[in-house]
>>> print(open('coords-v5.txt').read())   # compact mmCIF, C-alpha atoms and all ligand atoms
# COMPACT_ATOMS: atom_id res chain seq x y z
CA MET A 1 2.90 63.07 25.02
CA SER A 2 0.56 60.11 25.11
CA SER A 3 -2.15 60.00 22.47
CA LEU A 4 -5.83 59.38 22.94
CA PHE A 5 -5.63 57.00 19.99
CA ARG A 6 -3.66 53.86 20.58
CA PHE A 7 -3.22 52.91 16.94
CA SER A 8 -2.93 49.31 15.89
CA GLU A 9 0.43 48.06 14.72
CA LEU A 10 -0.79 48.53 11.13
CA GLY A 11 -2.43 51.90 11.88
CA SER A 12 0.81 53.29 13.21
CA ARG A 13 3.14 52.02 10.49
CA MET A 14 1.15 52.97 7.37
CA GLN A 15 2.99 55.18 4.88
CA PRO A 16 1.33 57.73 2.59
CA SER A 17 1.15 56.82 -1.10
CA PRO A 18 4.35 58.30 -2.59
CA ILE A 19 2.43 59.43 -5.67
CA ARG A 20 -0.21 61.31 -3.70
CA GLU A 21 2.59 63.05 -1.75
CA LEU A 22 4.21 64.19 -4.99
CA PHE A 23 0.92 65.69 -6.10
CA LYS A 24 1.18 68.27 -3.32
CA MET A 25 4.46 69.50 -4.81
CA ILE A 26 3.19 69.78 -8.35
CA ARG A 27 0.00 71.73 -7.72
CA GLN A 28 1.35 75.01 -9.16
CA PRO A 29 0.13 77.28 -11.92
CA GLY A 30 1.76 76.50 -15.27
CA MET A 31 2.80 72.97 -14.26
CA ILE A 32 2.60 70.37 -17.02
CA SER A 33 1.86 67.07 -15.33
CA PHE A 34 2.73 63.67 -16.75
CA ALA A 35 2.57 62.40 -13.16
CA GLY A 36 -0.97 61.21 -12.37
CA GLY A 37 -2.26 58.19 -14.27
CA LEU A 38 -5.40 60.08 -15.20
CA PRO A 39 -7.79 59.84 -18.15
CA ASP A 40 -8.28 62.93 -20.30
CA PRO A 41 -11.11 64.84 -18.58
CA SER A 42 -12.06 66.56 -21.85
CA ALA A 43 -12.89 63.09 -23.23
CA PHE A 44 -15.31 62.19 -20.41
CA PRO A 45 -18.79 61.50 -21.88
CA VAL A 46 -20.43 64.08 -19.64
CA GLY A 47 -23.64 64.63 -21.69
CA PRO A 48 -24.59 60.98 -22.41
CA PHE A 49 -23.67 59.95 -18.87
CA ALA A 50 -25.78 62.73 -17.35
CA ASP A 51 -28.72 61.64 -19.54
CA CYS A 52 -28.51 58.17 -17.99
CA ALA A 53 -29.61 59.73 -14.69
CA ASP A 54 -33.13 59.11 -16.08
CA VAL A 55 -32.67 55.68 -14.61
CA LEU A 56 -33.36 57.26 -11.21
CA SER A 57 -36.83 58.37 -12.30
CA ARG A 58 -37.50 54.93 -13.79
CA ASP A 59 -36.00 52.61 -11.15
CA GLY A 60 -35.39 54.97 -8.23
CA ARG A 61 -37.10 52.84 -5.58
CA GLU A 62 -34.71 49.98 -6.26
CA VAL A 63 -31.61 51.98 -7.12
CA LEU A 64 -31.72 54.13 -3.97
CA GLN A 65 -32.03 51.05 -1.74
CA TYR A 66 -29.12 49.00 -0.30
CA GLY A 67 -27.92 46.58 -2.97
CA ALA A 68 -26.61 43.02 -3.01
CA SER A 69 -22.94 42.64 -2.04
CA GLU A 70 -22.35 40.77 -5.31
CA GLY A 71 -23.53 43.75 -7.39
CA TYR A 72 -26.59 45.34 -9.02
CA PRO A 73 -28.35 42.63 -11.07
CA PRO A 74 -28.71 44.52 -14.41
CA LEU A 75 -25.01 45.45 -14.32
CA ARG A 76 -24.05 41.88 -13.41
CA GLU A 77 -26.02 40.58 -16.44
CA MET A 78 -24.10 42.93 -18.67
CA LEU A 79 -20.76 42.06 -17.13
CA LEU A 80 -21.40 38.32 -17.48
CA ALA A 81 -21.92 38.81 -21.23
CA MET A 82 -18.94 41.19 -21.52
CA THR A 83 -16.54 38.95 -19.60
CA ALA A 84 -17.67 35.79 -21.43
CA ASP A 85 -16.68 37.54 -24.63
CA ARG A 86 -13.38 38.79 -23.22
CA LEU A 87 -12.40 35.64 -21.33
CA GLY A 88 -13.65 33.12 -23.87
CA TYR A 89 -15.78 30.95 -21.60
CA GLU A 90 -19.16 31.18 -19.97
CA VAL A 91 -18.44 32.99 -16.71
CA GLN A 92 -20.79 31.75 -13.98
CA PRO A 93 -22.70 34.18 -11.72
CA ASP A 94 -20.92 32.84 -8.62
CA GLU A 95 -17.54 33.81 -10.14
CA LEU A 96 -18.43 37.48 -10.64
CA LEU A 97 -18.19 40.27 -8.08
CA VAL A 98 -18.75 43.99 -8.64
CA THR A 99 -16.24 46.01 -6.59
CA SER A 100 -15.81 49.68 -5.71
CA GLY A 101 -12.87 50.17 -8.08
CA SER A 102 -10.42 47.37 -8.73
CA GLN A 103 -8.48 48.84 -5.82
CA GLN A 104 -11.11 47.28 -3.60
CA GLY A 105 -10.74 44.01 -5.51
CA ALA A 106 -6.99 44.04 -4.77
CA ASN A 107 -7.65 44.80 -1.13
CA LEU A 108 -10.18 42.00 -0.75
CA ILE A 109 -7.87 39.51 -2.47
CA ALA A 110 -5.01 40.53 -0.16
CA ARG A 111 -7.14 40.27 2.96
CA VAL A 112 -8.72 36.92 2.23
CA LEU A 113 -5.44 35.26 1.18
CA LEU A 114 -2.66 36.72 3.31
CA ASP A 115 -1.48 36.39 6.87
CA PRO A 116 1.27 38.70 8.15
CA GLY A 117 4.65 37.62 6.77
CA ASP A 118 3.20 35.81 3.76
CA LEU A 119 5.06 35.94 0.50
CA VAL A 120 3.71 37.47 -2.72
CA ILE A 121 5.47 37.48 -6.07
CA VAL A 122 5.16 40.74 -7.98
CA GLU A 123 6.63 41.94 -11.25
CA ALA A 124 9.04 44.83 -10.83
CA PRO A 125 8.15 47.58 -11.52
CA THR A 126 4.52 47.23 -10.47
CA TYR A 127 1.40 49.16 -9.51
CA PRO A 128 1.83 50.82 -6.06
CA GLY A 129 -1.90 50.75 -5.19
CA THR A 130 -1.82 46.96 -5.13
CA ILE A 131 1.49 46.94 -3.23
CA HIS A 132 -0.24 49.14 -0.65
CA SER A 133 -3.13 46.67 -0.19
CA LEU A 134 -0.79 43.68 -0.06
CA ARG A 135 1.48 45.47 2.41
CA ASN A 136 -1.46 46.31 4.67
CA ALA A 137 -2.27 42.61 4.77
CA GLY A 138 1.31 41.92 5.91
CA ALA A 139 2.89 40.77 2.63
CA ARG A 140 6.58 40.42 1.93
CA PHE A 141 7.57 40.64 -1.72
CA ALA A 142 9.76 38.64 -4.07
CA THR A 143 10.19 40.62 -7.29
CA VAL A 144 10.49 39.36 -10.85
CA PRO A 145 12.13 41.85 -13.22
CA CYS A 146 10.28 42.98 -16.38
CA ASP A 147 11.51 43.74 -19.87
CA ALA A 148 9.73 44.94 -23.02
CA ASP A 149 7.70 41.68 -23.00
CA GLY A 150 6.51 42.08 -19.42
CA MET A 151 7.33 39.90 -16.42
CA GLN A 152 10.33 37.65 -17.08
CA VAL A 153 8.31 34.55 -16.36
CA GLU A 154 11.22 32.24 -17.14
CA LEU A 155 12.91 33.49 -13.92
CA LEU A 156 9.89 32.52 -11.80
CA PRO A 157 10.82 28.92 -10.91
CA GLU A 158 14.16 30.00 -9.49
CA ILE A 159 12.69 32.99 -7.65
CA VAL A 160 9.96 30.83 -6.09
CA THR A 161 12.50 28.22 -4.97
CA ARG A 162 14.87 30.83 -3.58
CA SER A 163 12.26 32.87 -1.75
CA GLU A 164 10.69 29.73 -0.33
CA ALA A 165 14.05 28.60 1.00
CA GLU A 166 14.71 32.04 2.50
CA THR A 167 11.35 32.47 4.24
CA GLY A 168 10.17 28.90 4.78
CA ARG A 169 6.86 29.88 3.16
CA ARG A 170 5.30 29.04 -0.19
CA PRO A 171 4.22 32.16 -2.08
CA LYS A 172 0.48 32.74 -1.76
CA LEU A 173 -0.03 34.84 -4.88
CA ILE A 174 1.58 36.10 -8.08
CA TYR A 175 0.50 39.62 -9.09
CA THR A 176 0.77 40.88 -12.67
CA VAL A 177 -0.62 43.51 -15.05
CA PRO A 178 -0.02 41.68 -18.34
CA ASP A 179 -1.57 44.31 -20.65
CA PHE A 180 0.12 47.73 -20.80
CA SER A 181 1.39 47.57 -17.30
CA ASN A 182 1.34 50.48 -14.90
CA PRO A 183 4.07 51.80 -14.92
CA SER A 184 6.12 50.09 -17.65
CA GLY A 185 3.51 50.08 -20.44
CA ALA A 186 4.83 46.61 -21.34
CA CYS A 187 2.61 43.89 -22.72
CA MET A 188 3.41 40.31 -21.71
CA SER A 189 4.32 38.11 -24.69
CA LEU A 190 2.05 35.22 -25.65
CA GLU A 191 4.71 32.66 -24.81
CA ARG A 192 5.16 34.10 -21.31
CA ARG A 193 1.39 34.15 -20.77
CA HIS A 194 1.17 30.43 -21.51
CA ARG A 195 4.19 29.72 -19.35
CA LEU A 196 2.83 31.69 -16.41
CA VAL A 197 -0.57 29.98 -16.51
CA ALA A 198 1.05 26.52 -16.74
CA PHE A 199 3.49 27.34 -13.97
CA ALA A 200 0.75 28.63 -11.66
CA ALA A 201 -1.28 25.44 -12.23
CA GLU A 202 1.73 23.23 -11.61
CA LEU A 203 2.78 24.99 -8.40
CA GLU A 204 -0.78 25.69 -7.29
CA ILE A 205 -0.09 29.39 -6.73
CA PRO A 206 -2.97 31.67 -7.78
CA VAL A 207 -2.25 34.51 -10.19
CA PHE A 208 -3.96 37.89 -9.79
CA GLU A 209 -4.37 39.27 -13.32
CA ASP A 210 -5.11 43.00 -13.02
CA ASP A 211 -6.46 44.27 -16.34
CA PRO A 212 -7.67 47.88 -16.30
CA TYR A 213 -5.89 48.79 -19.58
CA GLY A 214 -6.35 45.71 -21.82
CA LYS A 215 -9.04 47.31 -24.01
CA LEU A 216 -6.86 50.37 -24.63
CA ARG A 217 -4.70 48.95 -27.42
CA TYR A 218 -3.59 51.44 -30.10
CA THR A 219 -1.37 49.25 -32.29
CA GLY A 220 -0.57 45.56 -32.71
CA GLU A 221 -2.62 42.43 -32.15
CA ALA A 222 -4.64 41.79 -28.98
CA LEU A 223 -3.27 38.92 -26.91
CA PRO A 224 -5.45 36.56 -24.85
CA ASN A 225 -5.88 37.27 -21.15
CA LEU A 226 -4.29 34.85 -18.70
CA LYS A 227 -7.80 33.97 -17.55
CA ARG A 228 -8.72 33.10 -21.12
CA ILE A 229 -5.63 30.90 -21.49
CA ALA A 230 -6.53 29.18 -18.22
CA ALA A 231 -9.94 28.50 -19.88
CA GLY A 232 -11.89 28.92 -16.68
CA ASP A 233 -9.42 26.89 -14.54
CA PRO A 234 -9.33 28.38 -11.06
CA GLN A 235 -5.69 29.49 -10.80
CA VAL A 236 -6.29 32.94 -12.33
CA ILE A 237 -8.14 35.67 -10.44
CA TYR A 238 -9.12 38.30 -13.00
CA ALA A 239 -10.02 41.96 -12.33
CA SER A 240 -10.96 44.85 -14.59
CA SER A 241 -12.50 48.29 -14.16
CA PHE A 242 -14.54 51.07 -15.75
CA SER A 243 -12.01 53.62 -14.44
CA LYS A 244 -9.85 53.94 -17.57
CA VAL A 245 -12.44 53.19 -20.25
CA LEU A 246 -15.26 55.34 -18.80
CA ALA A 247 -14.40 57.37 -15.68
CA PRO A 248 -12.61 56.64 -12.39
CA GLY A 249 -15.19 58.72 -10.51
CA VAL A 250 -17.82 55.99 -10.94
CA ARG A 251 -15.76 53.58 -8.79
CA VAL A 252 -17.20 50.54 -10.54
CA ALA A 253 -15.02 47.52 -11.31
CA TRP A 254 -15.37 43.74 -11.23
CA SER A 255 -13.54 40.51 -10.58
CA VAL A 256 -13.91 36.99 -11.93
CA ALA A 257 -12.57 34.23 -9.71
CA ALA A 258 -13.34 30.70 -8.58
CA PRO A 259 -16.63 30.57 -6.61
CA GLU A 260 -14.90 29.87 -3.27
CA MET A 261 -12.60 32.87 -3.77
CA THR A 262 -15.46 35.13 -4.84
CA ARG A 263 -17.50 34.02 -1.82
CA ALA A 264 -14.61 34.85 0.53
CA MET A 265 -14.30 38.29 -1.07
CA VAL A 266 -18.05 38.88 -0.68
CA LEU A 267 -17.90 38.01 3.02
CA MET A 268 -14.88 40.27 3.54
CA ARG A 269 -16.55 43.23 1.78
CA GLN A 270 -19.60 42.83 4.03
CA GLY A 271 -17.37 44.21 6.78
CA GLU A 272 -16.07 46.95 4.49
CA ASP A 273 -18.61 48.77 2.33
CA LEU A 274 -21.55 46.29 2.16
CA CYS A 275 -21.93 46.92 -1.56
CA THR A 276 -20.74 49.21 -4.35
CA SER A 277 -22.98 52.30 -4.66
CA THR A 278 -26.13 51.08 -6.40
CA VAL A 279 -26.62 54.54 -7.87
CA THR A 280 -23.36 54.51 -9.83
CA GLN A 281 -23.80 50.85 -10.80
CA ALA A 282 -27.22 51.71 -12.22
CA LEU A 283 -25.80 54.71 -14.12
CA VAL A 284 -23.00 52.59 -15.59
CA ALA A 285 -25.43 49.79 -16.50
CA GLU A 286 -27.76 52.26 -18.20
CA TYR A 287 -24.83 53.86 -20.04
CA CYS A 288 -23.79 50.45 -21.38
CA ARG A 289 -27.40 49.41 -22.13
CA ARG A 290 -27.83 52.45 -24.38
CA GLY A 291 -24.76 51.36 -26.34
CA HIS A 292 -22.69 54.41 -25.37
CA LEU A 293 -19.63 52.51 -24.14
CA GLU A 294 -18.67 51.21 -27.61
CA ASN A 295 -18.88 54.72 -29.10
CA HIS A 296 -16.94 56.20 -26.24
CA MET A 297 -14.25 53.53 -26.53
CA SER A 298 -13.74 54.28 -30.24
CA HIS A 299 -13.41 57.96 -29.34
CA ILE A 300 -10.84 57.50 -26.58
CA LEU A 301 -8.86 54.96 -28.61
CA GLU A 302 -8.47 57.64 -31.26
CA VAL A 303 -7.59 60.39 -28.77
CA TYR A 304 -5.12 58.30 -26.72
CA SER A 305 -3.49 56.75 -29.75
CA ARG A 306 -2.78 60.27 -31.07
CA LYS A 307 -1.41 61.40 -27.71
CA CYS A 308 0.79 58.33 -27.48
CA GLN A 309 2.29 59.07 -30.90
CA GLN A 310 2.66 62.71 -29.89
CA MET A 311 4.67 61.80 -26.80
CA GLN A 312 6.85 59.39 -28.78
CA LEU A 313 7.57 62.14 -31.30
CA ALA A 314 8.17 64.78 -28.61
CA LEU A 315 10.56 62.54 -26.64
CA ASN A 316 12.50 61.74 -29.82
CA THR A 317 12.64 65.42 -30.72
CA HIS A 318 13.52 66.96 -27.36
CA LEU A 319 15.60 64.40 -25.43
CA ALA A 320 19.28 64.37 -26.27
CA PRO A 321 20.23 61.09 -27.93
CA GLY A 322 21.55 58.65 -25.32
CA SER A 323 20.11 60.56 -22.33
CA ALA A 324 17.26 58.07 -21.87
CA THR A 325 15.77 54.99 -23.52
CA TRP A 326 12.19 53.73 -23.69
CA ASN A 327 9.84 51.44 -25.63
CA GLU A 328 6.89 52.96 -27.46
CA PRO A 329 3.83 51.47 -25.71
CA GLU A 330 1.19 49.67 -27.81
CA GLY A 331 -1.57 50.72 -25.42
CA GLY A 332 -2.45 51.94 -21.95
CA PHE A 333 -1.44 55.22 -20.34
CA PHE A 334 2.34 55.25 -19.80
CA PHE A 335 5.87 55.70 -21.11
CA TRP A 336 8.61 54.29 -18.89
CA LEU A 337 11.95 56.03 -19.35
CA GLU A 338 15.27 54.59 -18.30
CA LEU A 339 17.80 57.34 -17.68
CA ALA A 340 21.34 56.78 -18.87
CA ALA A 341 22.65 58.09 -15.54
CA GLY A 342 21.66 59.91 -12.35
CA SER A 343 18.61 59.53 -10.16
CA SER A 344 15.04 60.07 -11.26
CA ARG A 345 14.14 61.54 -7.86
CA GLU A 346 16.81 64.18 -8.24
CA LEU A 347 15.64 64.78 -11.82
CA PHE A 348 12.09 65.19 -10.49
CA ASP A 349 13.13 68.07 -8.21
CA ARG A 350 14.81 69.87 -11.11
CA ALA A 351 11.89 69.10 -13.44
CA VAL A 352 9.39 70.61 -10.99
CA GLY A 353 11.57 73.77 -11.05
CA GLU A 354 11.01 73.82 -14.83
CA LYS A 355 7.29 73.14 -14.33
CA VAL A 356 7.04 69.63 -15.66
CA ALA A 357 6.25 66.59 -13.50
CA PHE A 358 6.48 62.81 -13.75
CA VAL A 359 6.66 60.02 -11.17
CA PRO A 360 10.14 58.84 -10.15
CA GLY A 361 10.55 55.08 -10.58
CA ALA A 362 11.11 54.19 -6.92
CA ALA A 363 7.34 54.51 -6.34
CA PHE A 364 6.79 51.31 -8.33
CA TYR A 365 8.90 48.94 -6.23
CA PRO A 366 8.25 47.55 -2.78
CA GLY A 367 10.54 49.06 -0.11
CA ASP A 368 14.00 47.47 0.25
CA GLU A 369 13.12 46.11 3.69
CA GLU A 370 9.99 44.38 2.35
CA GLN A 371 11.76 42.55 -0.47
CA ILE A 372 13.00 39.00 -0.26
CA GLY A 373 15.98 37.92 -2.38
CA GLU A 374 17.45 40.18 -5.00
CA ILE A 375 16.41 43.79 -4.34
CA HIS A 376 15.25 45.93 -7.24
CA THR A 377 14.84 49.70 -7.12
CA GLY A 378 13.62 52.22 -9.68
CA ASP A 379 16.19 54.99 -9.25
CA LEU A 380 16.97 55.16 -12.96
CA PHE A 381 13.36 55.17 -14.14
CA ALA A 382 10.59 57.71 -14.70
CA ARG A 383 6.90 57.15 -15.48
CA LEU A 384 5.26 59.60 -17.88
CA CYS A 385 1.48 59.50 -18.38
CA PHE A 386 0.47 60.62 -21.88
CA THR A 387 -3.33 60.55 -21.60
CA PHE A 388 -3.95 63.53 -19.29
CA ALA A 389 -2.08 66.47 -20.84
CA ASP A 390 -3.28 68.00 -24.11
CA GLU A 391 -1.18 67.60 -27.24
CA LYS A 392 0.49 71.00 -27.03
CA ALA A 393 1.37 70.38 -23.40
CA ILE A 394 2.82 66.98 -24.28
CA ASP A 395 5.24 68.63 -26.67
CA GLU A 396 6.12 71.49 -24.33
CA GLY A 397 6.45 69.17 -21.30
CA CYS A 398 8.88 66.92 -23.17
CA ARG A 399 10.84 70.00 -24.28
CA ARG A 400 11.20 71.07 -20.62
CA LEU A 401 12.18 67.52 -19.67
CA GLY A 402 14.83 67.51 -22.38
CA ARG A 403 16.22 70.73 -20.91
CA VAL A 404 16.58 69.31 -17.38
CA LEU A 405 17.94 65.99 -18.63
CA GLY A 406 20.66 67.77 -20.60
CA GLY A 407 22.91 66.06 -23.13
N1 LIG B 1 -4.68 48.44 -11.15
C1 LIG B 1 -3.89 49.18 -11.92
C2 LIG B 1 -2.77 48.53 -12.65
C3 LIG B 1 -4.11 50.56 -12.03
O1 LIG B 1 -3.30 51.28 -12.80
C4 LIG B 1 -5.19 51.14 -11.31
C5 LIG B 1 -5.48 52.62 -11.35
N2 LIG B 1 -4.47 53.47 -11.55
C6 LIG B 1 -5.98 50.32 -10.51
C7 LIG B 1 -5.71 48.97 -10.46
C8 LIG B 1 -7.11 50.87 -9.69
O2 LIG B 1 -8.18 51.18 -10.50
P1 LIG B 1 -9.63 51.52 -9.91
O3 LIG B 1 -9.86 52.95 -10.24
O4 LIG B 1 -10.55 50.58 -10.64
O5 LIG B 1 -9.63 51.27 -8.44
>>> encode(input="coords-v5.txt", output="structure tokens")
Amino acid sequence: MSSLFRFSELGSRMQPSPIRELFKMIRQPGMISFAGGLPDPSAFPVGPFADCADVLSRDGREVLQYGASEGYPPLREMLLAMTADRLGYEVQPDELLVTSGSQQGANLIARVLLDPGDLVIVEAPTYPGTIHSLRNAGARFATVPCDADGMQVELLPEIVTRSEAETGRRPKLIYTVPDFSNPSGACMSLERRHRLVAFAAELEIPVFEDDPYGKLRYTGEALPNLKRIAAGDPQVIYASSFSKVLAPGVRVAWSVAAPEMTRAMVLMRQGEDLCTSTVTQALVAEYCRRGHLENHMSHILEVYSRKCQQMQLALNTHLAPGSATWNEPEGGFFFWLELAAGSSRELFDRAVGEKVAFVPGAAFYPGDEEQIGEIHTGDLFARLCFTFADEKAIDEGCRRLGRVLGG
């Protein structure tokens, strides 16, 4: 039967997000979910945030109007100060862009840089939302394996040379989540950070540093962002978000990139959403102006640090020795388990039967047919989010997981 809608090539080949598909299977009473990468809703600052709605009475005529594509000026002022502190140099207004979630940032970066067939280097495993945006822009992927210290940057030169030879194209972008990666929880070592920044400058390949979790460190010393190491040099495109430190529902995030890159992203977004909702930008700005963010951050650092320890303890208690291995994360949202044997997808089906859910590792790798060079898959891995479930559920969920994993 012919369809009224003659979808574009892209429109007809898009795949649903594997994680969102899994969610349909786990919506059952009694399910303990470690699957979604969600903040703890009981920690949301509902009262103080609602009070900030006063800003509508004060500045309503401006806030309810269309806003600038670059972002709402009072929020931009705040972000310039915040990012200067975080990135260690005076970020210029023409480097900063407010986006509707850092998902939009990833999408804009993909669309302004990539033509169909272009090559992008990603760490493996990596965040599927960014893979989705890159894929929609026609990317093919060369993957760099990760270990406990993040992307194995020392393998990069060889991977770039090999993938270039195979495709006849120079990679356009390197994508990484150096701090408490989604899904692996790994934090890139200082030595690798320096190496990556130097390598990117030498080869003139921009690096997209995606940093939604960097401020959520529970133990250990903070390490400098790649953008900080690059000291304002243009090879690093930095993005961060209010989603994990405040609430994902606000859809407010930002990027810091060279002026020409930021300008291209602004022009692209003018054909997308014009601007991020001025109402939520004003609420977030007011929330920060009243000094609530610092207090909230101390609160969630305490809550998440406890939950992280709780999951470490529960996994040690309930998983048979040798059935899986993992590193205790120093921050972020996730544990990344490597199973001694079997398939995490098959384990998922049995786990759902026992009413506990996680995300099987395959979701965090580009598809086999999209990868250039050595193909990596996540069959042995499982991502467990520790921030969403309450502490009792963390213990009980790990007990159920131990039961399905067996000895
Ligand atoms: N990057 C990473 C690594 C993430 O984990 C997420 C959210 N899960 C995002 C980007 C998207 O965040 P936002 O809500 O700001 O769009």
>>> residues_near_ligand(input="coords-v5.txt", ligand="ligand LIG 1 (chain B)", cutoff="9 Å", atoms="only C-alpha atoms and all ligand atoms", output="PyMOL selection string")
chain A and resi 36-38+99-106+126-130+176-177+180-183+210-213+239-244+247-254+333
>>> atom_distance(input="coords-v5.txt", atom1="CA of Glu9 (chain A)", atom2="CA of Lys24 (chain A)")
27.1 Å
>>> atom_distance(input="coords-v5.txt", atom1="CA of Val153 (chain A)", atom2="CA of Leu216 (chain A)")
23.4 Å
>>> closest_residue(input="coords-v5.txt", among="A:Pro321, A:Pro366, A:Pro234, A:Pro329", to="Val91 (chain A)", atoms="only C-alpha atoms")
A:Pro234
>>> atom_distance(input="coords-v5.txt", atom1="CA of Ile32 (chain A)", atom2="CA of Leu313 (chain A)")
17.2 Å
>>> closest_residue(input="coords-v5.txt", among="A:Leu384, A:Leu87, A:Val404, A:Ala314", to="Ala231 (chain A)", atoms="only C-alpha atoms")
A:Leu87
>>> closest_residue(input="coords-v5.txt", among="A:Ala186, A:Ala324, A:Val256, A:Ala264", to="Ala84 (chain A)", atoms="all atoms listed in the file")
A:Val256
>>> closest_residue(input="coords-v5.txt", among="A:Met78, A:Gly150, A:Leu173, A:Tyr218", to="Ser189 (chain A)", atoms="only C-alpha atoms")
A:Gly150
>>> residues_around(input="coords-v5.txt", residues="Pro171 (chain A)", least_positions_apart="3", cutoff="12 Å", atoms="all atoms listed in the file", output="ChimeraX atom specification")
/A:113-115,117-122,139-143,156-157,159-168,174-175,200,203-207,372
>>> residues_around(input="coords-v5.txt", residues="Asn107 (chain A)", least_positions_apart="2", cutoff="10 Å", atoms="only C-alpha atoms", output="PDB file with C-alpha atoms, keeping the file's coordinate frame")
ATOM      1  CA  SER A 102     -10.420  47.370  -8.730  1.00  0.00           C
ATOM      2  CA  GLN A 103      -8.480  48.840  -5.820  1.00  0.00           C
ATOM      3  CA  GLN A 104     -11.110  47.280  -3.600  1.00  0.00           C
ATOM      4  CA  GLY A 105     -10.740  44.010  -5.510  1.00  0.00           C
ATOM      5  CA  ILE A 109      -7.870  39.510  -2.470  1.00  0.00           C
ATOM      6  CA  ALA A 110      -5.010  40.530  -0.160  1.00  0.00           C
ATOM      7  CA  ARG A 111      -7.140  40.270   2.960  1.00  0.00           C
ATOM      8  CA  VAL A 112      -8.720  36.920   2.230  1.00  0.00           C
ATOM      9  CA  GLY A 129      -1.900  50.750  -5.190  1.00  0.00           C
ATOM     10  CA  THR A 130      -1.820  46.960  -5.130  1.00  0.00           C
ATOM     11  CA  ILE A 131       1.490  46.940  -3.230  1.00  0.00           C
ATOM     12  CA  HIS A 132      -0.240  49.140  -0.650  1.00  0.00           C
ATOM     13  CA  SER A 133      -3.130  46.670  -0.190  1.00  0.00           C
ATOM     14  CA  LEU A 134      -0.790  43.680  -0.060  1.00  0.00           C
ATOM     15  CA  ARG A 135       1.480  45.470   2.410  1.00  0.00           C
ATOM     16  CA  ASN A 136      -1.460  46.310   4.670  1.00  0.00           C
ATOM     17  CA  ALA A 137      -2.270  42.610   4.770  1.00  0.00           C
ATOM     18  CA  MET A 265     -14.300  38.290  -1.070  1.00  0.00           C
ATOM     19  CA  MET A 268     -14.880  40.270   3.540  1.00  0.00           C
ATOM     20  CA  ARG A 269     -16.550  43.230   1.780  1.00  0.00           C
TER      21      ARG A 269
END
>>> closest_residue(input="coords-v5.txt", among="A:Thr387, A:Gly367, A:Arg58, A:Ser343", to="Pro41 (chain A)", atoms="all atoms listed in the file")
A:Thr387
>>> residues_around(input="coords-v5.txt", residues="Lys392 (chain A)", least_positions_apart="4", cutoff="12 Å", atoms="all atoms listed in the file", output="PyMOL selection string")
chain A and resi 32+306-307+310-311+314+386+388+396-399
>>> residues_around(input="coords-v5.txt", residues="Gly30 (chain A)", least_positions_apart="3", cutoff="10 Å", atoms="only C-alpha atoms", output="NGL selection string")
:A and (26-27 or 33 or 354-356)
>>> residues_around(input="coords-v5.txt", residues="Glu330 (chain A)", least_positions_apart="2", cutoff="7 Å", atoms="only C-alpha atoms", output="PyMOL selection string")
chain A and resi 217-220+328
>>> closest_residue(input="coords-v5.txt", among="A:Ala341, A:Leu22, A:Ile375, A:Val98", to="Gly67 (chain A)", atoms="all atoms listed in the file")
A:Val98
